[in-house]
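**Q** Before I ask anything, let me first share the structure, which is written out below as C-alpha cells.
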Amino acid sequence: REKILSRRGRLSVSLVSGIDWFQFRVAFRDEEGNPLDVSFDPALLGRRLVKTGDHYLYLSAEDAHKLKRLFLDGLDRKGNLKTSKLNLSLVDEIRDILQDTDDPEITRAAELYEKLSHFESIEPEPLPRKLARPLRPYQETGYHWLCFLRAYDLGGCLADDMGLGKTVQTLTLLQRLKEDGRLGTSLVVVPLTTVANWEHEIESWTPELSVIRHLGPGRKKDLDLHLGYDLVMTSYH
C-alpha cells in the first residue's frame, strides 16, 4: 500500500554553468526548506507525486506542470538536465518554466534566442576609419560576418581558400573594435610558420594595432607584461 505523506513542499532549481553548457539540478524541499532525497518519476506526475524512500509527497499543480515540461526537455529521474548554451530554444523554454530565475547566463541566452528569432539578414557595418588599404568586396562580406558574430556574442568559422584574406578580414574587425574602444588584449594562436605573415599583414593593413610575440621556451609568463598590447601572437607548436 502506498504511504503518501501529508507534508507538502516545492521544487527548487539550481544552476551550474561551464564554458559552453548549462546543468540544471531540480530538487524538492519540504515546507521548512529542507532538501529531500526524491526520485522524479514521469508516471507519478499525473497524480502530482514524487517518491522519497518508501513514501510519496504531494506536488503543487504548478510544480507538477513544470516537471512535466522539464521531462519533455530531457530531465532525468535524479533531477538533472544538461544542455549546450547554444541550445537556445531549450534554454528559453527552461527560463520560461522557471520564471523567477535571474541568472545572467540564462538571461543572455534567452535574449540571444529572441534576437535570432527575428533575424533577417546581416547588416553591413562601417569599415574602420584607419584601415590602411581598401578591402575587396568579398573581404568586406567576411568582415560583416565577423561583425555579426561579435554583435551576437557567437563564435564562428571564417572559411576560405588560402590567400584570399582571412587574416586581413580578422584584422579589420580588430581595428574597428580598437577605434570603438572595445578591443582590450586579444590572443592570436596560429601555426608557427605563419607568425611572420601575421606581423607583416598587421604592419600593412592595421599598423595602429600593437603586437607582441609570446613564443619559445624563454617566453615570459607574467600576463601583466602583455596587457598593454592589442594583440599577443603565440603558437600551439
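FYI, nothing fancy with the C-alpha cells labels: chains A, B, ... in order, residues from 1 per chain, ligands from 1 as they appear.
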Could you pull out the residues in stretch 8-229 of chain A that DSSP calls alpha helix (DSSP H) from the backbone, as a PyMOL selection string?

**A** chain A and resi 61-73+88-98+104-117+137-151+166-179+195-205

**Q** Pick out the residues sitting within 8 Å of A:Leu11, and hand them over as an mmCIF file with all heavy atoms, in the first residue's frame; count only C-alpha atoms, and ignore anything fewer than 2 positions along from it in its own chain.

**A**
data_model
loop_
_atom_site.group_PDB
_atom_site.id
_atom_site.type_symbol
_atom_site.label_atom_id
_atom_site.label_comp_id
_atom_site.auth_asym_id
_atom_site.auth_seq_id
_atom_site.Cartn_x
_atom_site.Cartn_y
_atom_site.Cartn_z
ATOM 1 N N GLY A 9 5.636 20.498 -0.216
ATOM 2 C CA GLY A 9 6.865 21.258 -0.410
ATOM 3 C C GLY A 9 6.843 21.896 -1.778
ATOM 4 O O GLY A 9 5.791 22.043 -2.385
ATOM 5 N N VAL A 13 15.372 24.862 -8.091
ATOM 6 C CA VAL A 13 16.242 24.595 -9.231
ATOM 7 C C VAL A 13 17.537 25.362 -9.046
ATOM 8 O O VAL A 13 17.537 26.573 -8.819
ATOM 9 C CB VAL A 13 15.583 25.011 -10.561
ATOM 10 C CG1 VAL A 13 16.499 24.703 -11.730
ATOM 11 C CG2 VAL A 13 14.244 24.304 -10.726
ATOM 12 N N VAL A 26 17.280 19.887 -10.365
ATOM 13 C CA VAL A 26 15.966 20.075 -9.771
ATOM 14 C C VAL A 26 15.903 19.266 -8.477
ATOM 15 O O VAL A 26 16.212 18.075 -8.458
ATOM 16 C CB VAL A 26 14.852 19.616 -10.727
ATOM 17 C CG1 VAL A 26 13.477 19.803 -10.085
ATOM 18 C CG2 VAL A 26 14.937 20.398 -12.036
ATOM 19 N N ALA A 27 15.526 19.913 -7.404
ATOM 20 C CA ALA A 27 15.410 19.254 -6.102
ATOM 21 C C ALA A 27 14.029 19.536 -5.512
ATOM 22 O O ALA A 27 13.263 20.346 -6.047
ATOM 23 C CB ALA A 27 16.505 19.747 -5.157
ATOM 24 N N PHE A 28 13.727 18.862 -4.417
ATOM 25 C CA PHE A 28 12.444 19.054 -3.740
ATOM 26 C C PHE A 28 12.724 19.388 -2.285
ATOM 27 O O PHE A 28 13.500 18.718 -1.610
ATOM 28 C CB PHE A 28 11.600 17.783 -3.835
ATOM 29 C CG PHE A 28 10.187 17.966 -3.358
ATOM 30 C CD1 PHE A 28 9.216 18.478 -4.196
ATOM 31 C CD2 PHE A 28 9.816 17.642 -2.060
ATOM 32 C CE1 PHE A 28 7.909 18.648 -3.779
ATOM 33 C CE2 PHE A 28 8.521 17.806 -1.625
ATOM 34 C CZ PHE A 28 7.564 18.311 -2.486
ATOM 35 N N ARG A 29 12.114 20.445 -1.808
ATOM 36 C CA ARG A 29 12.293 20.874 -0.424
ATOM 37 C C ARG A 29 10.950 20.840 0.299
ATOM 38 O O ARG A 29 9.904 21.148 -0.287
ATOM 39 C CB ARG A 29 12.891 22.280 -0.365
ATOM 40 C CG ARG A 29 14.290 22.365 -0.965
ATOM 41 C CD ARG A 29 14.864 23.768 -0.894
ATOM 42 N NE ARG A 29 16.187 23.816 -1.488
ATOM 43 C CZ ARG A 29 17.316 23.555 -0.826
ATOM 44 N NH1 ARG A 29 17.262 23.242 0.472
ATOM 45 N NH2 ARG A 29 18.492 23.609 -1.426
ATOM 46 N N ASP A 63 4.036 23.004 -9.758
ATOM 47 C CA ASP A 63 5.302 22.283 -9.833
ATOM 48 C C ASP A 63 5.172 21.010 -10.669
ATOM 49 O O ASP A 63 6.107 20.624 -11.382
ATOM 50 C CB ASP A 63 5.795 21.937 -8.426
ATOM 51 C CG ASP A 63 6.411 23.136 -7.722
ATOM 52 O OD1 ASP A 63 6.717 24.121 -8.403
ATOM 53 O OD2 ASP A 63 6.587 23.083 -6.485
#

**Q** Kindly indicate which residue among A:His144, A:Lys166, A:Lys130, A:His237 lies nearest to A:Val189, using only C-alpha atoms for the distances.

**A**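 Of the candidates, the smallest distance to A:Val189 is held by A:His237.
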
**Q** Which is closer to A:Glu199 than all the others in A:Thr83, A:Thr167, A:Gln175, A:Gln139, using only C-alpha atoms?

**A** A:Thr167

**Q** Neighbours of A:Gly142 within 9 Å (only C-alpha atoms; same-chain residues fewer than 6 positions away dropped), as a ChimeraX atom specification?

**A** /A:158,166,169-170

**Q** Can I get the selected residues back with all heavy atoms, as a PDB file, in the first residue's frame?

**A**
ATOM      1  N   LEU A 158      35.553  31.433 -40.107  1.00  0.00           N
ATOM      2  CA  LEU A 158      35.693  32.151 -41.372  1.00  0.00           C
ATOM      3  C   LEU A 158      36.510  31.255 -42.304  1.00  0.00           C
ATOM      4  O   LEU A 158      37.728  31.149 -42.163  1.00  0.00           O
ATOM      5  CB  LEU A 158      36.387  33.501 -41.147  1.00  0.00           C
ATOM      6  CG  LEU A 158      36.558  34.392 -42.369  1.00  0.00           C
ATOM      7  CD1 LEU A 158      35.215  34.771 -42.963  1.00  0.00           C
ATOM      8  CD2 LEU A 158      37.351  35.647 -41.999  1.00  0.00           C
ATOM      9  N   LYS A 166      41.711  35.985 -45.175  1.00  0.00           N
ATOM     10  CA  LYS A 166      41.055  35.734 -43.874  1.00  0.00           C
ATOM     11  C   LYS A 166      41.749  36.505 -42.768  1.00  0.00           C
ATOM     12  O   LYS A 166      41.097  37.054 -41.869  1.00  0.00           O
ATOM     13  CB  LYS A 166      41.065  34.230 -43.569  1.00  0.00           C
ATOM     14  CG  LYS A 166      40.257  33.385 -44.545  1.00  0.00           C
ATOM     15  CD  LYS A 166      40.214  31.936 -44.129  1.00  0.00           C
ATOM     16  CE  LYS A 166      41.564  31.258 -44.206  1.00  0.00           C
ATOM     17  NZ  LYS A 166      42.102  31.203 -45.591  1.00  0.00           N
ATOM     18  N   GLN A 169      40.695  40.179 -42.994  1.00  0.00           N
ATOM     19  CA  GLN A 169      39.321  40.389 -42.523  1.00  0.00           C
ATOM     20  C   GLN A 169      39.275  40.397 -40.997  1.00  0.00           C
ATOM     21  O   GLN A 169      38.564  41.208 -40.382  1.00  0.00           O
ATOM     22  CB  GLN A 169      38.412  39.299 -43.083  1.00  0.00           C
ATOM     23  CG  GLN A 169      38.251  39.385 -44.595  1.00  0.00           C
ATOM     24  CD  GLN A 169      37.664  38.126 -45.195  1.00  0.00           C
ATOM     25  OE1 GLN A 169      36.572  37.706 -44.811  1.00  0.00           O
ATOM     26  NE2 GLN A 169      38.383  37.507 -46.131  1.00  0.00           N
ATOM     27  N   THR A 170      40.035  39.492 -40.389  1.00  0.00           N
ATOM     28  CA  THR A 170      40.087  39.432 -38.919  1.00  0.00           C
ATOM     29  C   THR A 170      40.725  40.696 -38.352  1.00  0.00           C
ATOM     30  O   THR A 170      40.222  41.282 -37.380  1.00  0.00           O
ATOM     31  CB  THR A 170      40.882  38.195 -38.467  1.00  0.00           C
ATOM     32  OG1 THR A 170      40.279  37.024 -39.020  1.00  0.00           O
ATOM     33  CG2 THR A 170      40.909  38.099 -36.945  1.00  0.00           C
TER      34      THR A 170
END

**Q** Give the answer as one residue: which of A:Asp153, A:Asp92, A:Asp103, A:Glu125 has the shortest atom-to-atom distance to A:Ser17, using only C-alpha atoms?

**A**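 When distances to A:Ser17 are compared using only C-alpha atoms, the smallest one comes from A:Asp103.
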
**Q** Between atom CA of A:Pro207 and atom CA of A:Leu171, what is the distance, to one decimal in Å?

**A** 10.1 Å

**Q** I need the residues of stretch 18-209 of chain A that end up classed as strand (DSSP E) by DSSP on the backbone, written out as an MDAnalysis selection string.

**A** chainID A and resid 21:30 35:36 49:52 55:58 80:84 186:190

**Q** Could you tell me how far atom CA of A:Asp41 lies from atom CA of A:Leu75, in Å and to one decimal?

**A**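 Atom CA of A:Leu75 lies 10.4 Å from atom CA of A:Asp41.
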
**Q** Env of A:Ile106: 9 Å cut, atoms = only C-alpha atoms, seq-sep filter 6 positions within chain, self excluded. Answer as a PyMOL selection string.

**A** chain A and resi 22+85+91-92+94-95

**Q** Output C-alpha atoms of each residue in that selection to a file, as an mmCIF file, in the first residue's frame.

**A**
data_model
loop_
_atom_site.group_PDB
_atom_site.id
_atom_site.type_symbol
_atom_site.label_atom_id
_atom_site.label_comp_id
_atom_site.auth_asym_id
_atom_site.auth_seq_id
_atom_site.Cartn_x
_atom_site.Cartn_y
_atom_site.Cartn_z
ATOM 1 C CA PHE A 22 24.314 24.590 -18.513
ATOM 2 C CA LYS A 85 24.424 27.034 -24.066
ATOM 3 C CA VAL A 91 17.277 27.414 -22.608
ATOM 4 C CA ASP A 92 14.468 29.842 -23.424
ATOM 5 C CA ILE A 94 13.564 26.391 -19.265
ATOM 6 C CA ARG A 95 13.722 30.088 -18.438
#

**Q** Taking into account only C-alpha atoms, which residue in the set A:Arg108, A:His226, A:His200, A:Arg176 is nearest to A:Cys147?

**A**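 Among the listed residues, the smallest separation from A:Cys147 belongs to A:Arg176.
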
**Q** So what do you get for atom CA of A:Arg219 versus atom CA of A:Ile19, distance-wise?

**A**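 Interatomic distance, atom CA of A:Arg219 to atom CA of A:Ile19: 27.2 Å.
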
**Q** Can you tell me which residues surround A:Ala61 at a distance of at most 12 Å, considering only C-alpha atoms, apart from same-chain residues fewer than 2 positions away, and format the answer as a list in words?

**A** Arg8, Gly9, Arg10, Leu11, Leu45, Gly46, Arg47, Arg48, Leu49, Tyr58, Leu59, Asp63, Ala64, His65, Lys66, Leu67 and Lys68 of chain A
